[in-house]
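Read through the structure below, which is laid out as structure tokens, and then see the notes.
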Amino acid sequence: MKIIEVKDYQQMSRLAACIISEKVRSQNRLNLGLATGETPKGTYNYLIKDFNHNGTSYEEVYTFNLDEYVPLSMDNPNSYRFYMNHFLFNHLDIPMSHTFLPLGNATDLENECVRYEKQIEDHGGIDLQLLGIGKNGHIGFNEPRTSFISKTHVVTLTSLTREANARFFERPEDVPKQAITVGIETIMKSKEILLLASGESKREAMNELLHGELSEDFPASILRLHPDVTVIADQTALKGIQVEGYSFTKC
Ligand code: PGA
């Protein structure tokens, strides 16, 4: 795992966007795994700036998001489809038909999970997966004790995750209790992974990620076994944590 410590959220976002846009420019056809939440918003902002200023084209990019709330439909402002359109897709030249998320309001959820997993596979798998990390170590919505060999599945969100995400909803009780998430195995099959962490609330998770045990109790710990993971974290998230194996990129 390569760890890059940056000053703050803005630097983290700029560097992440630089790595992603560089990849978009250098590869003819790219499958990007994308994330939602507070963490990647800055990165998406910088990608849009890069698109506007440098004309990086997303016409040959396909995107697959990690997760979607059940049973939210895509026009629900709290759905991750709505978030992605709003914060990224509407501002790039990516064809909407190249952007994929699980359907949170599918009538047959089990079937939807199988369909989504196959959709990723049929497109050739994820080239670069962007990840945030939950305070409890979740990646996607793979909560603690999710099997490391899981594929896309329906999850019941933990109370910690529902509390953490309540800030996006009008009332805490509006936070959905379930979601569809790609599995840990799905994430681990990505060729390259970029994990972002910013702020004090992620410090404990960063410490566990870098120094804790490899365990299904902390889903992100599996990333240590992946051959190409870059973690970009800011000073606040890494404060007091011993970091080895510093690395810098050309961005
Ligand atoms: P956040 O969520 O970016 O809103 O902190 C990250 C996550 O839960 O994976």
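Letters A, B, ... mark the chains of the structure tokens in the order given; residue numbers begin at 1 per chain; ligand numbers begin at 1, in order shown.
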Next item on the list: Report as a ChimeraX atom specification: the residues of region 34-219 of chain A with a DSSP assignment of alpha helix (DSSP H), based on the backbone of this structure.
Entry: /A:41-54,80-87,109-122,159-165,184-188,203-211
Could I get the residues of chain A with an atom no further than 8 Å from an atom of ligand 1, each paired with its nearest atom pair and that distance in Å to one decimal, using only C-alpha atoms and all ligand atoms, sorted by chain and residue number, as a Markdown table?
| residue | atom | partner | partner_atom_place_in_ligand_line | distance |
| --- | --- | --- | --- | --- |
| A:Ala35 | CA | ligand 1 | 9 (O) | 7.6 |
| A:Thr36 | CA | ligand 1 | 3 (O) | 6.6 |
| A:Gly37 | CA | ligand 1 | 4 (O) | 3.6 |
| A:Glu38 | CA | ligand 1 | 4 (O) | 3.8 |
| A:Thr39 | CA | ligand 1 | 3 (O) | 3.6 |
| A:Pro40 | CA | ligand 1 | 3 (O) | 6.4 |
| A:Leu131 | CA | ligand 1 | 9 (O) | 6.8 |
| A:Gly132 | CA | ligand 1 | 9 (O) | 4.2 |
| A:Ile133 | CA | ligand 1 | 9 (O) | 3.9 |
| A:Gly134 | CA | ligand 1 | 8 (O) | 3.8 |
| A:Lys135 | CA | ligand 1 | 8 (O) | 7.1 |
| A:His138 | CA | ligand 1 | 9 (O) | 6.2 |
| A:Ile139 | CA | ligand 1 | 9 (O) | 5.5 |
| A:Gly140 | CA | ligand 1 | 9 (O) | 5.8 |
| A:Phe141 | CA | ligand 1 | 9 (O) | 7.1 |
| A:Thr161 | CA | ligand 1 | 8 (O) | 7.0 |
| A:Ala164 | CA | ligand 1 | 4 (O) | 7.4 |
| A:Asn165 | CA | ligand 1 | 4 (O) | 6.7 |
| A:Ala197 | CA | ligand 1 | 3 (O) | 7.7 |
| A:Lys202 | CA | ligand 1 | 5 (O) | 7.7 |
Checklist line | Of the listed residues A:Glu192, A:Glu204, A:Asp108, A:Asp217, that which approaches Phe148 (chain A) most closely, counting only C-alpha atoms | finding: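 Counting only C-alpha atoms, the residue closest to Phe148 (chain A) is A:Asp217.
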Item checked: Long-range neighbours of region 111-127 of chain A as a PyMOL selection string, 7 Å cut-off, only C-alpha atoms, 3 positions minimum in chain -> chain A and resi 30-33+102-103+106+108+152-153+190-192
Writing out the chosen residues with all heavy atoms as an mmCIF file, in the first residue's frame:
data_model
loop_
_atom_site.group_PDB
_atom_site.id
_atom_site.type_symbol
_atom_site.label_atom_id
_atom_site.label_comp_id
_atom_site.auth_asym_id
_atom_site.auth_seq_id
_atom_site.Cartn_x
_atom_site.Cartn_y
_atom_site.Cartn_z
ATOM 1 N N LEU A 30 -11.719 3.316 -20.411
ATOM 2 C CA LEU A 30 -11.419 3.146 -18.987
ATOM 3 C C LEU A 30 -12.687 2.837 -18.201
ATOM 4 O O LEU A 30 -13.723 3.485 -18.387
ATOM 5 C CB LEU A 30 -10.802 4.452 -18.460
ATOM 6 C CG LEU A 30 -10.318 4.447 -17.011
ATOM 7 C CD1 LEU A 30 -9.054 3.603 -16.856
ATOM 8 C CD2 LEU A 30 -10.035 5.881 -16.535
ATOM 9 N N ASN A 31 -12.607 1.842 -17.312
ATOM 10 C CA ASN A 31 -13.717 1.560 -16.401
ATOM 11 C C ASN A 31 -13.361 2.102 -15.026
ATOM 12 O O ASN A 31 -12.444 1.604 -14.370
ATOM 13 C CB ASN A 31 -13.961 0.052 -16.284
ATOM 14 C CG ASN A 31 -14.507 -0.534 -17.565
ATOM 15 O OD1 ASN A 31 -15.091 0.180 -18.382
ATOM 16 N ND2 ASN A 31 -14.322 -1.834 -17.753
ATOM 17 N N LEU A 32 -14.089 3.123 -14.627
ATOM 18 C CA LEU A 32 -13.816 3.777 -13.344
ATOM 19 C C LEU A 32 -14.814 3.317 -12.298
ATOM 20 O O LEU A 32 -16.028 3.355 -12.544
ATOM 21 C CB LEU A 32 -14.000 5.286 -13.494
ATOM 22 C CG LEU A 32 -12.843 6.177 -13.897
ATOM 23 C CD1 LEU A 32 -13.321 7.634 -13.903
ATOM 24 C CD2 LEU A 32 -11.671 6.007 -12.946
ATOM 25 N N GLY A 33 -14.327 2.937 -11.139
ATOM 26 C CA GLY A 33 -15.212 2.631 -10.010
ATOM 27 C C GLY A 33 -15.331 3.899 -9.184
ATOM 28 O O GLY A 33 -14.312 4.486 -8.818
ATOM 29 N N PRO A 102 -26.115 0.378 -9.015
ATOM 30 C CA PRO A 102 -27.174 -0.602 -8.756
ATOM 31 C C PRO A 102 -28.509 0.141 -8.654
ATOM 32 O O PRO A 102 -28.532 1.311 -8.260
ATOM 33 C CB PRO A 102 -26.794 -1.187 -7.385
ATOM 34 C CG PRO A 102 -25.417 -0.725 -7.094
ATOM 35 C CD PRO A 102 -25.159 0.496 -7.923
ATOM 36 N N LEU A 103 -29.612 -0.546 -8.993
ATOM 37 C CA LEU A 103 -30.935 0.085 -8.891
ATOM 38 C C LEU A 103 -31.512 -0.211 -7.505
ATOM 39 O O LEU A 103 -31.912 -1.343 -7.219
ATOM 40 C CB LEU A 103 -31.861 -0.451 -9.981
ATOM 41 C CG LEU A 103 -31.433 -0.135 -11.422
ATOM 42 C CD1 LEU A 103 -32.361 -0.826 -12.415
ATOM 43 C CD2 LEU A 103 -31.405 1.371 -11.667
ATOM 44 N N ALA A 106 -35.131 -1.690 -7.329
ATOM 45 C CA ALA A 106 -35.445 -2.888 -8.127
ATOM 46 C C ALA A 106 -36.461 -3.739 -7.361
ATOM 47 O O ALA A 106 -36.400 -3.813 -6.127
ATOM 48 C CB ALA A 106 -34.180 -3.689 -8.386
ATOM 49 N N ASP A 108 -36.801 -7.024 -7.604
ATOM 50 C CA ASP A 108 -36.099 -8.220 -7.132
ATOM 51 C C ASP A 108 -34.646 -7.835 -6.820
ATOM 52 O O ASP A 108 -33.794 -7.775 -7.711
ATOM 53 C CB ASP A 108 -36.161 -9.302 -8.232
ATOM 54 C CG ASP A 108 -35.559 -10.615 -7.771
ATOM 55 O OD1 ASP A 108 -34.754 -10.598 -6.815
ATOM 56 O OD2 ASP A 108 -35.891 -11.656 -8.370
ATOM 57 N N THR A 152 -21.535 -8.495 -5.166
ATOM 58 C CA THR A 152 -22.581 -7.487 -4.962
ATOM 59 C C THR A 152 -23.742 -8.092 -4.168
ATOM 60 O O THR A 152 -24.213 -9.186 -4.480
ATOM 61 C CB THR A 152 -23.082 -6.971 -6.325
ATOM 62 O OG1 THR A 152 -21.967 -6.431 -7.029
ATOM 63 C CG2 THR A 152 -24.131 -5.889 -6.142
ATOM 64 N N HIS A 153 -24.168 -7.404 -3.111
ATOM 65 C CA HIS A 153 -25.203 -7.969 -2.241
ATOM 66 C C HIS A 153 -25.998 -6.859 -1.540
ATOM 67 O O HIS A 153 -25.596 -5.687 -1.546
ATOM 68 C CB HIS A 153 -24.572 -8.911 -1.203
ATOM 69 C CG HIS A 153 -23.568 -8.239 -0.311
ATOM 70 N ND1 HIS A 153 -22.319 -7.842 -0.739
ATOM 71 C CD2 HIS A 153 -23.636 -7.858 0.987
ATOM 72 C CE1 HIS A 153 -21.661 -7.271 0.245
ATOM 73 N NE2 HIS A 153 -22.429 -7.255 1.311
ATOM 74 N N SER A 190 -10.470 -5.023 -8.678
ATOM 75 C CA SER A 190 -10.080 -3.813 -9.416
ATOM 76 C C SER A 190 -8.578 -3.848 -9.649
ATOM 77 O O SER A 190 -7.813 -4.276 -8.788
ATOM 78 C CB SER A 190 -10.391 -2.552 -8.597
ATOM 79 O OG SER A 190 -11.687 -2.609 -8.100
ATOM 80 N N LYS A 191 -8.168 -3.363 -10.811
ATOM 81 C CA LYS A 191 -6.730 -3.392 -11.111
ATOM 82 C C LYS A 191 -5.953 -2.450 -10.202
ATOM 83 O O LYS A 191 -4.842 -2.738 -9.786
ATOM 84 C CB LYS A 191 -6.498 -3.010 -12.573
ATOM 85 C CG LYS A 191 -7.027 -4.054 -13.543
ATOM 86 C CD LYS A 191 -6.554 -3.769 -14.970
ATOM 87 C CE LYS A 191 -7.234 -4.710 -15.940
ATOM 88 N NZ LYS A 191 -8.641 -4.319 -16.230
ATOM 89 N N GLU A 192 -6.572 -1.291 -9.912
ATOM 90 C CA GLU A 192 -5.894 -0.274 -9.109
ATOM 91 C C GLU A 192 -6.920 0.377 -8.183
ATOM 92 O O GLU A 192 -8.084 0.555 -8.579
ATOM 93 C CB GLU A 192 -5.309 0.759 -10.075
ATOM 94 C CG GLU A 192 -4.403 1.758 -9.453
ATOM 95 C CD GLU A 192 -3.858 2.745 -10.506
ATOM 96 O OE1 GLU A 192 -3.887 2.435 -11.715
ATOM 97 O OE2 GLU A 192 -3.434 3.823 -10.085
#
Next item on the list: Have a look at A:Ile94, A:Thr156, A:Ser147, A:Leu130 and name the one nearest to Ile19 (chain A); count only C-alpha atoms.
Entry: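 Ranked by minimum distance to Ile19 (chain A), first place goes to A:Leu130.
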Item checked: Long-range neighbours of region 48-54 of chain A as a ChimeraX atom specification, 7 Å cut-off, only C-alpha atoms, 3 positions minimum in chain -> /A:44-45,57,91-92
Note to self: At a cut-off of 9 Å, using only C-alpha atoms, what residues contact Leu225 (chain A)? Leave out same-chain residues fewer than 4 positions from it and give the result as a PyMOL selection string.
What the structure shows: chain A and resi 1+188+221
Any chance you could export the current selection's all heavy atoms as a PDB file, in the first residue's frame?
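Saved the output as out17.pdb:
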ATOM      1  N   MET A   1       0.849  -1.188   0.000  1.00  0.00           N
ATOM      2  CA  MET A   1       0.000   0.000   0.000  1.00  0.00           C
ATOM      3  C   MET A   1       0.885   1.240   0.000  1.00  0.00           C
ATOM      4  O   MET A   1       1.765   1.360   0.843  1.00  0.00           O
ATOM      5  CB  MET A   1      -0.863  -0.039   1.269  1.00  0.00           C
ATOM      6  CG  MET A   1      -2.190   0.548   1.085  1.00  0.00           C
ATOM      7  SD  MET A   1      -3.472  -0.135   2.188  1.00  0.00           S
ATOM      8  CE  MET A   1      -2.785   0.039   3.801  1.00  0.00           C
ATOM      9  N   MET A 188     -11.777  -5.926  -4.632  1.00  0.00           N
ATOM     10  CA  MET A 188     -10.402  -6.458  -4.701  1.00  0.00           C
ATOM     11  C   MET A 188      -9.999  -6.853  -6.113  1.00  0.00           C
ATOM     12  O   MET A 188      -8.811  -6.961  -6.423  1.00  0.00           O
ATOM     13  CB  MET A 188     -10.256  -7.652  -3.751  1.00  0.00           C
ATOM     14  CG  MET A 188     -10.206  -7.258  -2.292  1.00  0.00           C
ATOM     15  SD  MET A 188      -8.765  -6.248  -1.870  1.00  0.00           S
ATOM     16  CE  MET A 188      -7.482  -7.523  -1.737  1.00  0.00           C
ATOM     17  N   SER A 221      -9.172  -3.585   5.901  1.00  0.00           N
ATOM     18  CA  SER A 221      -7.860  -4.215   6.148  1.00  0.00           C
ATOM     19  C   SER A 221      -7.466  -5.147   5.008  1.00  0.00           C
ATOM     20  O   SER A 221      -6.286  -5.377   4.767  1.00  0.00           O
ATOM     21  CB  SER A 221      -7.857  -4.962   7.490  1.00  0.00           C
ATOM     22  OG  SER A 221      -8.817  -6.008   7.475  1.00  0.00           O
TER      23      SER A 221
END
Note to self: So that I can check the secondary structure, give me every residue of region 25-200 of chain A assigned strand (DSSP E) by backbone DSSP, as a PyMOL selection string.
What the structure shows: chain A and resi 30-34+61-65+67-70+99-100+128-131+153-156+178-181+192-197
Item checked: Nearest-residue call for Ile149 (chain A), choices A:Arg29, A:Asn90, A:Val182, A:Phe82, using only C-alpha atoms -> A:Val182
Margin query: Just the number, please: distance in Å from CA of Leu194 (chain A) to CA of Ala16 (chain A), one decimal.
Written below: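 Straight-line distance from CA of Leu194 (chain A) to CA of Ala16 (chain A) works out to 7.7 Å.
The residue that comes closest to Pro77 (chain A), out of A:Thr230, A:Glu170, A:Glu208, A:Leu214 and on the basis of only C-alpha atoms, is A:Glu170.
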Check: Near Glu59 (chain A), counting only C-alpha atoms, which residues have an atom at most 12 Å away, once you skip same-chain residues fewer than 3 positions from it, shown as a list in words?
Finding: Val24, Arg25, Gln27, Asn28, Arg29, Leu30, Asn31, Phe51, Gly55, Thr56, Tyr62, Thr63, Phe89, Leu92, Asp93, Ile94, Pro95, Met96, Ser97, His98 and Thr99 of chain A
